[in-house]
$ cat structure_36.cif   # mmCIF, C-alpha atoms; chains and numbers go by the auth columns
data_upload
#
loop_
_atom_site.group_PDB
_atom_site.id
_atom_site.type_symbol
_atom_site.label_atom_id
_atom_site.label_comp_id
_atom_site.label_asym_id
_atom_site.label_seq_id
_atom_site.Cartn_x
_atom_site.Cartn_y
_atom_site.Cartn_z
_atom_site.B_iso_or_equiv
_atom_site.auth_seq_id
_atom_site.auth_asym_id
ATOM 1 C CA MET A 1 -45.501 35.302 -2.851 0.00 22 A
ATOM 2 C CA ASN A 2 -41.830 34.299 -2.390 0.00 23 A
ATOM 3 C CA GLU A 3 -39.133 36.679 -1.135 0.00 24 A
ATOM 4 C CA TYR A 4 -37.865 37.430 -4.650 0.00 25 A
ATOM 5 C CA ALA A 5 -41.321 38.466 -5.855 0.00 26 A
ATOM 6 C CA ARG A 6 -41.857 40.554 -2.715 0.00 27 A
ATOM 7 C CA VAL A 7 -38.599 42.504 -3.069 0.00 28 A
ATOM 8 C CA ARG A 8 -39.101 42.931 -6.812 0.00 29 A
ATOM 9 C CA THR A 9 -42.497 44.458 -6.041 0.00 30 A
ATOM 10 C CA LEU A 10 -40.880 46.804 -3.499 0.00 31 A
ATOM 11 C CA ILE A 11 -38.330 47.945 -6.096 0.00 32 A
ATOM 12 C CA GLY A 12 -41.117 48.629 -8.573 0.00 33 A
ATOM 13 C CA SER A 13 -43.160 50.682 -6.097 0.00 34 A
ATOM 14 C CA ASP A 14 -43.446 54.461 -5.911 0.00 35 A
ATOM 15 C CA ALA A 15 -41.465 54.409 -2.640 0.00 36 A
ATOM 16 C CA THR A 16 -38.598 52.201 -3.848 0.00 37 A
ATOM 17 C CA GLY A 17 -35.856 53.761 -1.715 0.00 38 A
ATOM 18 C CA ALA A 18 -37.640 53.703 1.642 0.00 39 A
ATOM 19 C CA ALA A 19 -39.247 50.288 1.103 0.00 40 A
ATOM 20 C CA VAL A 20 -36.048 48.511 0.113 0.00 41 A
ATOM 21 C CA ARG A 21 -34.067 50.233 2.884 0.00 42 A
ATOM 22 C CA ARG A 22 -36.544 48.839 5.416 0.00 43 A
ATOM 23 C CA TRP A 23 -36.138 45.353 3.922 0.00 44 A
ATOM 24 C CA ALA A 24 -32.317 45.623 4.055 0.00 45 A
ATOM 25 C CA ARG A 25 -32.445 46.858 7.652 0.00 46 A
ATOM 26 C CA ASP A 26 -34.534 43.850 8.663 0.00 47 A
ATOM 27 C CA VAL A 27 -32.139 41.415 6.951 0.00 48 A
ATOM 28 C CA LEU A 28 -28.961 42.916 8.407 0.00 49 A
ATOM 29 C CA ALA A 29 -30.395 43.531 11.875 0.00 50 A
ATOM 30 C CA GLY A 30 -30.708 39.748 12.138 0.00 51 A
ATOM 31 C CA VAL A 31 -27.008 39.416 11.325 0.00 52 A
ATOM 32 C CA VAL A 32 -26.078 41.889 14.053 0.00 53 A
ATOM 33 C CA ASP A 33 -28.288 40.415 16.793 0.00 54 A
ATOM 34 C CA GLY A 34 -27.344 36.827 15.926 0.00 55 A
ATOM 35 C CA SER A 35 -30.810 35.649 14.914 0.00 56 A
ATOM 36 C CA SER A 36 -29.629 35.097 11.315 0.00 57 A
ATOM 37 C CA GLU A 37 -26.827 32.802 10.155 0.00 58 A
ATOM 38 C CA LEU A 38 -26.269 34.844 6.995 0.00 59 A
ATOM 39 C CA ALA A 39 -22.524 35.312 6.321 0.00 60 A
ATOM 40 C CA ALA A 40 -20.857 37.832 4.043 0.00 61 A
ATOM 41 C CA VAL A 41 -18.714 36.542 1.157 0.00 62 A
ATOM 42 C CA ARG A 42 -15.652 38.298 -0.246 0.00 63 A
ATOM 43 C CA HIS A 43 -16.235 38.867 -3.956 0.00 64 A
ATOM 44 C CA PRO A 44 -13.172 38.935 -6.275 0.00 65 A
ATOM 45 C CA LEU A 45 -14.329 42.280 -7.725 0.00 66 A
ATOM 46 C CA GLY A 46 -13.773 44.093 -4.448 0.00 67 A
ATOM 47 C CA PHE A 47 -17.030 44.091 -2.517 0.00 68 A
ATOM 48 C CA LEU A 48 -18.798 42.004 0.131 0.00 69 A
ATOM 49 C CA CYS A 49 -21.873 40.000 -0.790 0.00 70 A
ATOM 50 C CA PHE A 50 -24.657 39.023 1.610 0.00 71 A
ATOM 51 C CA PRO A 51 -26.543 36.232 -0.247 0.00 72 A
ATOM 52 C CA ALA A 52 -29.873 36.988 1.396 0.00 73 A
ATOM 53 C CA TRP A 53 -32.142 34.574 -0.517 0.00 74 A
ATOM 54 C CA ARG A 54 -31.915 31.826 -3.173 0.00 75 A
ATOM 55 C CA GLY A 55 -34.559 29.711 -4.853 0.00 76 A
ATOM 56 C CA GLY A 56 -35.440 28.300 -8.277 0.00 77 A
ATOM 57 C CA GLY A 57 -32.762 30.161 -10.239 0.00 78 A
ATOM 58 C CA LEU A 58 -33.596 33.452 -8.507 0.00 79 A
ATOM 59 C CA GLY A 59 -31.503 35.280 -5.947 0.00 80 A
ATOM 60 C CA ILE A 60 -31.291 38.394 -3.784 0.00 81 A
ATOM 61 C CA CYS A 61 -28.003 39.820 -2.503 0.00 82 A
ATOM 62 C CA VAL A 62 -26.863 42.890 -0.639 0.00 83 A
ATOM 63 C CA HIS A 63 -23.575 44.143 -2.109 0.00 84 A
ATOM 64 C CA VAL A 64 -21.389 46.320 0.118 0.00 85 A
ATOM 65 C CA TRP A 65 -18.388 48.413 -0.927 0.00 86 A
ATOM 66 C CA THR A 66 -16.455 49.464 2.136 0.00 87 A
ATOM 67 C CA GLU A 67 -12.931 50.272 3.259 0.00 88 A
ATOM 68 C CA GLY A 68 -10.436 47.415 3.344 0.00 89 A
ATOM 69 C CA VAL A 69 -12.074 45.100 0.777 0.00 90 A
ATOM 70 C CA ARG A 70 -9.566 44.412 -2.007 0.00 91 A
ATOM 71 C CA ASP A 71 -10.119 43.812 -5.704 0.00 92 A
ATOM 72 C CA ASP A 72 -8.744 40.274 -6.135 0.00 93 A
ATOM 73 C CA SER A 73 -9.902 39.670 -9.696 0.00 94 A
ATOM 74 C CA THR A 74 -7.588 37.314 -11.620 0.00 95 A
ATOM 75 C CA THR A 75 -8.871 38.529 -14.985 0.00 96 A
ATOM 76 C CA SER A 76 -10.224 42.111 -15.095 0.00 97 A
ATOM 77 C CA LYS A 77 -13.194 44.163 -13.947 0.00 98 A
ATOM 78 C CA VAL A 78 -14.789 43.803 -17.394 0.00 99 A
ATOM 79 C CA HIS A 79 -17.412 41.076 -17.055 0.00 100 A
ATOM 80 C CA ALA A 80 -20.866 39.902 -18.138 0.00 101 A
ATOM 81 C CA HIS A 81 -23.374 38.040 -15.981 0.00 102 A
ATOM 82 C CA SER A 82 -25.205 34.890 -17.041 0.00 103 A
ATOM 83 C CA TRP A 83 -28.244 36.314 -15.252 0.00 104 A
ATOM 84 C CA ASP A 84 -30.519 39.324 -15.627 0.00 105 A
ATOM 85 C CA LEU A 85 -29.798 41.970 -13.010 0.00 106 A
ATOM 86 C CA LEU A 86 -32.153 44.387 -11.267 0.00 107 A
ATOM 87 C CA SER A 87 -30.556 46.601 -8.645 0.00 108 A
ATOM 88 C CA THR A 88 -31.322 49.563 -6.440 0.00 109 A
ATOM 89 C CA VAL A 89 -28.804 51.695 -4.554 0.00 110 A
ATOM 90 C CA LEU A 90 -29.176 51.811 -0.768 0.00 111 A
ATOM 91 C CA TYR A 91 -26.566 54.550 -0.285 0.00 112 A
ATOM 92 C CA GLY A 92 -23.503 55.963 -2.010 0.00 113 A
ATOM 93 C CA THR A 93 -22.965 56.226 -5.752 0.00 114 A
ATOM 94 C CA VAL A 94 -22.577 53.284 -8.126 0.00 115 A
ATOM 95 C CA GLY A 95 -21.146 53.858 -11.579 0.00 116 A
ATOM 96 C CA ASN A 96 -21.865 51.468 -14.411 0.00 117 A
ATOM 97 C CA GLU A 97 -19.742 51.468 -17.565 0.00 118 A
ATOM 98 C CA ILE A 98 -21.285 49.647 -20.518 0.00 119 A
ATOM 99 C CA ILE A 99 -18.586 47.927 -22.571 0.00 120 A
ATOM 100 C CA GLU A 100 -18.617 47.217 -26.299 0.00 121 A
ATOM 101 C CA ILE A 101 -16.603 44.168 -27.390 0.00 122 A
ATOM 102 C CA ASP A 102 -14.742 44.016 -30.724 0.00 123 A
ATOM 103 C CA SER A 103 -14.666 40.304 -31.569 0.00 124 A
ATOM 104 C CA ALA A 104 -12.370 40.653 -34.587 0.00 125 A
ATOM 105 C CA PRO A 105 -9.839 43.388 -33.799 0.00 126 A
ATOM 106 C CA ALA A 106 -6.676 43.930 -35.821 0.00 127 A
ATOM 107 C CA ARG A 107 -4.710 43.921 -32.561 0.00 128 A
ATOM 108 C CA PRO A 108 -6.427 41.944 -29.764 0.00 129 A
ATOM 109 C CA THR A 109 -5.781 43.141 -26.223 0.00 130 A
ATOM 110 C CA HIS A 110 -7.686 40.547 -24.158 0.00 131 A
ATOM 111 C CA ARG A 111 -8.848 36.949 -24.049 0.00 132 A
ATOM 112 C CA LEU A 112 -12.445 35.986 -23.286 0.00 133 A
ATOM 113 C CA PHE A 113 -12.978 33.709 -20.266 0.00 134 A
ATOM 114 C CA GLU A 114 -15.973 31.609 -19.273 0.00 135 A
ATOM 115 C CA ILE A 115 -16.651 31.298 -15.550 0.00 136 A
ATOM 116 C CA GLN A 116 -18.394 28.279 -14.062 0.00 137 A
ATOM 117 C CA SER A 117 -19.414 28.778 -10.427 0.00 138 A
ATOM 118 C CA THR A 118 -19.499 25.769 -8.104 0.00 139 A
ATOM 119 C CA ALA A 119 -19.747 25.215 -4.368 0.00 140 A
ATOM 120 C CA ASP A 120 -15.932 25.220 -4.209 0.00 141 A
ATOM 121 C CA GLY A 121 -15.429 28.468 -6.111 0.00 142 A
ATOM 122 C CA ASP A 122 -15.201 29.698 -9.700 0.00 143 A
ATOM 123 C CA LEU A 123 -13.553 27.740 -12.514 0.00 144 A
ATOM 124 C CA VAL A 124 -12.199 30.355 -14.935 0.00 145 A
ATOM 125 C CA ARG A 125 -11.710 28.805 -18.391 0.00 146 A
ATOM 126 C CA ALA A 126 -9.767 30.482 -21.195 0.00 147 A
ATOM 127 C CA THR A 127 -11.485 30.464 -24.605 0.00 148 A
ATOM 128 C CA GLN A 128 -9.909 30.866 -28.031 0.00 149 A
ATOM 129 C CA ARG A 129 -11.617 34.219 -28.544 0.00 150 A
ATOM 130 C CA LEU A 130 -9.236 37.206 -28.608 0.00 151 A
ATOM 131 C CA VAL A 131 -10.909 40.600 -28.432 0.00 152 A
ATOM 132 C CA SER A 132 -10.530 44.273 -27.632 0.00 153 A
ATOM 133 C CA TYR A 133 -13.067 46.637 -26.065 0.00 154 A
ATOM 134 C CA ARG A 134 -14.110 50.218 -25.500 0.00 155 A
ATOM 135 C CA THR A 135 -16.429 52.012 -23.088 0.00 156 A
ATOM 136 C CA ARG A 136 -19.682 52.746 -24.890 0.00 157 A
ATOM 137 C CA SER A 137 -21.455 54.682 -22.135 0.00 158 A
ATOM 138 C CA ARG A 138 -21.212 55.521 -18.455 0.00 159 A
ATOM 139 C CA GLU A 139 -23.987 56.164 -15.926 0.00 160 A
ATOM 140 C CA TYR A 140 -24.042 56.906 -12.199 0.00 161 A
ATOM 141 C CA PHE A 141 -26.816 55.880 -9.830 0.00 162 A
ATOM 142 C CA HIS A 142 -27.560 57.302 -6.385 0.00 163 A
ATOM 143 C CA SER A 143 -29.609 56.328 -3.343 0.00 164 A
ATOM 144 C CA GLY A 144 -33.074 55.051 -4.273 0.00 165 A
ATOM 145 C CA GLU A 145 -32.332 54.826 -7.994 0.00 166 A
ATOM 146 C CA VAL A 146 -32.804 51.593 -9.937 0.00 167 A
ATOM 147 C CA TYR A 147 -30.841 50.107 -12.826 0.00 168 A
ATOM 148 C CA THR A 148 -30.975 46.933 -14.870 0.00 169 A
ATOM 149 C CA LEU A 149 -28.533 44.850 -16.902 0.00 170 A
ATOM 150 C CA PRO A 150 -29.510 41.989 -19.209 0.00 171 A
ATOM 151 C CA ASN A 151 -27.487 38.787 -19.159 0.00 172 A
ATOM 152 C CA GLY A 152 -24.477 38.895 -21.476 0.00 173 A
ATOM 153 C CA ALA A 153 -24.002 42.690 -21.226 0.00 174 A
ATOM 154 C CA PHE A 154 -20.332 43.495 -20.596 0.00 175 A
ATOM 155 C CA HIS A 155 -19.804 46.194 -18.001 0.00 176 A
ATOM 156 C CA VAL A 156 -17.584 47.549 -15.235 0.00 177 A
ATOM 157 C CA SER A 157 -18.877 48.589 -11.817 0.00 178 A
ATOM 158 C CA ASP A 158 -17.233 51.867 -10.827 0.00 179 A
ATOM 159 C CA VAL A 159 -17.621 52.537 -7.112 0.00 180 A
ATOM 160 C CA HIS A 160 -15.519 54.961 -5.066 0.00 181 A
ATOM 161 C CA GLY A 161 -16.088 55.237 -1.350 0.00 182 A
ATOM 162 C CA GLU A 162 -18.857 53.652 0.682 0.00 183 A
ATOM 163 C CA ALA A 163 -21.878 52.220 -1.134 0.00 184 A
ATOM 164 C CA ALA A 164 -24.372 49.387 -0.958 0.00 185 A
ATOM 165 C CA THR A 165 -26.986 47.939 -3.299 0.00 186 A
ATOM 166 C CA VAL A 166 -29.742 45.349 -3.248 0.00 187 A
ATOM 167 C CA VAL A 167 -29.331 43.100 -6.289 0.00 188 A
ATOM 168 C CA LEU A 168 -31.916 40.737 -7.752 0.00 189 A
ATOM 169 C CA GLY A 169 -30.708 38.079 -10.180 0.00 190 A
ATOM 170 C CA GLU A 170 -32.704 35.855 -12.525 0.00 191 A
ATOM 171 C CA ASP A 171 -30.568 33.000 -13.822 0.00 192 A
ATOM 172 C CA ASN A 172 -30.233 32.283 -17.534 0.00 193 A
ATOM 173 C CA ARG A 173 -28.838 28.767 -17.332 0.00 194 A
ATOM 174 C CA ASP A 174 -27.810 28.400 -20.963 0.00 195 A
ATOM 175 C CA ARG A 175 -25.163 31.132 -20.634 0.00 196 A
ATOM 176 C CA PRO A 176 -21.902 31.190 -18.634 0.00 197 A
ATOM 177 C CA ASP A 177 -20.573 34.211 -16.778 0.00 198 A
ATOM 178 C CA LEU A 178 -17.896 35.929 -18.875 0.00 199 A
ATOM 179 C CA SER A 179 -14.829 38.038 -18.169 0.00 200 A
ATOM 180 C CA LEU A 180 -11.911 39.553 -20.052 0.00 201 A
ATOM 181 C CA GLY A 181 -8.348 38.703 -19.045 0.00 202 A
ATOM 182 C CA THR A 182 -4.890 38.973 -20.473 0.00 203 A
ATOM 183 C CA ILE A 183 -4.085 36.993 -23.595 0.00 204 A
ATOM 184 C CA ALA A 184 -1.541 34.911 -21.674 0.00 205 A
ATOM 185 C CA THR A 185 -3.802 33.965 -18.723 0.00 206 A
ATOM 186 C CA SER A 186 -4.699 30.255 -18.561 0.00 207 A
ATOM 187 C CA ASP A 187 -7.424 28.190 -16.851 0.00 208 A
ATOM 188 C CA HIS A 188 -7.511 28.558 -13.063 0.00 209 A
ATOM 189 C CA TRP A 189 -9.680 28.409 -9.937 0.00 210 A
ATOM 190 C CA VAL A 190 -10.830 31.366 -7.874 0.00 211 A
ATOM 191 C CA HIS A 191 -11.901 30.480 -4.341 0.00 212 A
ATOM 192 C CA ARG A 192 -14.372 32.836 -2.672 0.00 213 A
ATOM 193 C CA THR A 193 -13.932 33.089 1.088 0.00 214 A
ATOM 194 C CA LEU A 194 -16.510 33.634 3.783 0.00 215 A
ATOM 195 C CA CYS A 195 -15.997 36.531 6.138 0.00 216 A
ATOM 196 C CA THR A 196 -15.572 35.622 9.780 0.00 217 A
ATOM 197 C CA PRO A 197 -18.572 36.191 12.075 0.00 218 A
ATOM 198 C CA THR A 198 -16.863 39.329 13.386 0.00 219 A
ATOM 199 C CA GLU A 199 -16.213 40.656 9.871 0.00 220 A
ATOM 200 C CA THR A 200 -19.772 39.835 8.842 0.00 221 A
ATOM 201 C CA ARG A 201 -21.284 41.679 11.814 0.00 222 A
ATOM 202 C CA ARG A 202 -18.956 44.634 11.235 0.00 223 A
ATOM 203 C CA ALA A 203 -20.094 44.905 7.602 0.00 224 A
ATOM 204 C CA ALA A 204 -23.747 44.667 8.640 0.00 225 A
ATOM 205 C CA HIS A 205 -23.167 47.369 11.276 0.00 226 A
ATOM 206 C CA THR A 206 -21.611 49.590 8.580 0.00 227 A
ATOM 207 C CA VAL A 207 -24.658 49.295 6.303 0.00 228 A
ATOM 208 C CA LEU A 208 -27.107 49.871 9.152 0.00 229 A
ATOM 209 C CA ALA A 209 -25.205 52.971 10.274 0.00 230 A
ATOM 210 C CA HIS A 210 -25.397 54.437 6.761 0.00 231 A
ATOM 211 C CA LEU A 211 -29.102 53.647 6.540 0.00 232 A
ATOM 212 C CA ARG A 212 -29.762 55.315 9.916 0.00 233 A
ATOM 213 C CA ASP A 213 -27.877 58.439 8.846 0.00 234 A
ATOM 214 C CA GLN A 214 -29.550 58.664 5.442 0.00 235 A
ATOM 215 C CA PRO A 215 -32.838 60.358 6.495 0.00 236 A
ATOM 216 C CA LEU A 216 -30.849 63.136 8.213 0.00 237 A
ATOM 217 C CA ARG A 217 -28.666 63.644 5.131 0.00 238 A
ATOM 218 C CA LYS A 218 -31.768 63.801 2.948 0.00 239 A
ATOM 219 C CA GLN A 219 -33.341 66.437 5.243 0.00 240 A
ATOM 220 C CA LEU A 220 -30.188 68.562 5.050 0.00 241 A
ATOM 221 C CA GLU A 221 -30.093 68.243 1.257 0.00 242 A
ATOM 222 C CA ASN A 222 -33.741 69.312 1.023 0.00 243 A
ATOM 223 C CA ARG A 223 -33.075 72.315 3.258 0.00 244 A
ATOM 224 C CA CYS A 224 -30.121 73.352 1.079 0.00 245 A
ATOM 225 C CA GLU A 225 -32.271 73.043 -2.057 0.00 246 A
ATOM 226 C CA ARG A 226 -35.029 75.211 -0.516 0.00 247 A
ATOM 227 C CA ALA A 227 -32.436 77.785 0.594 0.00 248 A
ATOM 228 C CA THR A 228 -31.180 78.208 -2.955 0.00 249 A
#
$ encode --input "structure_36.cif" --output "structure tokens"
Amino acid sequence: MNEYARVRTLIGSDATGAAVRRWARDVLAGVVDGSSELAAVRHPLGFLCFPAWRGGGLGICVHVWTEGVRDDSTTSKVHAHSWDLLSTVLYGTVGNEIIEIDSAPARPTHRLFEIQSTADGDLVRATQRLVSYRTRSREYFHSGEVYTLPNGAFHVSDVHGEAATVVLGEDNRDRPDLSLGTIATSDHWVHRTLCTPTETRRAAHTVLAHLRDQPLRKQLENRCERAT
């Protein structure tokens, strides 16, 4: 069983939250003690990504929203993955807005962009498609909860404050990543930058601290519920 299959099985278990937290602790403890060469990457949408495992079109990442990480998107937060997503929340609250695209609006507000990821960064290509959009639904997910998104589903991640997720991706190679940008935006490159070793360890420390504190917070919440 490869790492992807193992973590997917953990997410599908009755003890999803605890099992995946243990896996994340093991991965990030290696970053902190120097036994792992895993480096965090700054994502244009305003979070840090630890690309924990890759193989055969499958991938596992730990996404971390924390203070000081900027949203550097050159298009907008409205995007659609070329891959099927399965995610569970380690801590914090992650909002997910599902977006409905109008492909033939009377007054277009955005242009559709195709994103081709390479080793050097993301090539963002403008298409001829002019669209508008609206929010169809909005959901919020908390620690231990699981959510999915099929490839091609437009959405916006809405995260305020500290949060982290474990994300599994299954590539659908016949589709590009998509994003909405202004009508006037043209083709351009977006270069993703690695965090320094110090920044990477600091981010790993942050996640581990939240995971250590989580059992205590859960005990306090349970006590409050029993008291009421």
$ resolve_selection --input "structure_36.cif" --expression "the PyMOL selection byres ((chain A and resi 214) around 10)" --output "list in words"
Ala61, Val62, Arg63, His64, Pro65, Asp141, Gly142, Val211, His212, Arg213, Leu215, Cys216 and Thr217 of chain A
$ closest_atom_pairs --input "structure_36.cif" --of "stretch 153-234 of chain A" --to "stretch 94-101 of chain A" --cutoff "8 Å" --atoms "only C-alpha atoms" --output "CSV"
residue,atom,partner,partner_atom,distance
A:Asn172,CA,A:Ala101,CA,6.8
A:Gly173,CA,A:Ala101,CA,5.0
A:Ala174,CA,A:Ala101,CA,5.2
A:Phe175,CA,A:Ala101,CA,4.4
A:His176,CA,A:Val99,CA,5.6
A:Val177,CA,A:Val99,CA,5.1
A:Ser178,CA,A:Lys98,CA,7.5
A:Asp198,CA,A:Ala101,CA,5.9
A:Leu199,CA,A:Ala101,CA,5.0
A:Ser200,CA,A:His100,CA,4.1
A:Leu201,CA,A:Val99,CA,5.8
A:Gly202,CA,A:Thr96,CA,4.1
A:Thr203,CA,A:Thr96,CA,6.8
A:Thr206,CA,A:Thr96,CA,7.8
A:Val211,CA,A:Thr95,CA,7.7
$ residues_around --input "structure_36.cif" --residues "stretch 43-53 of chain A" --least-positions-apart "6" --cutoff "7 Å" --atoms "all atoms listed in the file" --output "list in words"
Leu59, Arg222, Ala225, His226 and Leu229 of chain A
$ axis_aligned_box --input "structure_36.cif" --around "stretch 193-204 of chain A" --padding-each-side "5 Å" --output "AutoDock Vina command-line options"
--center_x -17.2 --center_y 34.0 --center_z -20.2 --size_x 36.1 --size_y 21.2 --size_z 16.8
$ residues_around --input "structure_36.cif" --residues "A:Ile32" --least-positions-apart "2" --cutoff "9 Å" --atoms "all atoms listed in the file" --output "list in words"
Arg27, Val28, Arg29, Thr30, Ser34, Asp35, Ala36, Thr37, Gly38, Ala40, Val41, Leu107, Ser108, Thr109 and Val167 of chain A
$ residues_around --input "structure_36.cif" --residues "A:Arg146" --least-positions-apart "6" --cutoff "10 Å" --atoms "all atoms listed in the file" --output "tab-separated table (two decimals) with C-alpha atoms, keeping the file's coordinate frame"
chain	number	residue	atom	x	y	z
A	133	LEU	CA	-12.44	35.99	-23.29
A	134	PHE	CA	-12.98	33.71	-20.27
A	135	GLU	CA	-15.97	31.61	-19.27
A	136	ILE	CA	-16.65	31.30	-15.55
A	137	GLN	CA	-18.39	28.28	-14.06
A	199	LEU	CA	-17.90	35.93	-18.88
A	200	SER	CA	-14.83	38.04	-18.17
A	206	THR	CA	-3.80	33.97	-18.72
A	207	SER	CA	-4.70	30.26	-18.56
A	208	ASP	CA	-7.42	28.19	-16.85
A	209	HIS	CA	-7.51	28.56	-13.06
A	210	TRP	CA	-9.68	28.41	-9.94
$ resolve_selection --input "structure_36.cif" --expression "the PyMOL selection byres ((chain A and resi 153) around 8)" --output "PyMOL selection string"
chain A and resi 122-124+126+128-131+151-152+154-155
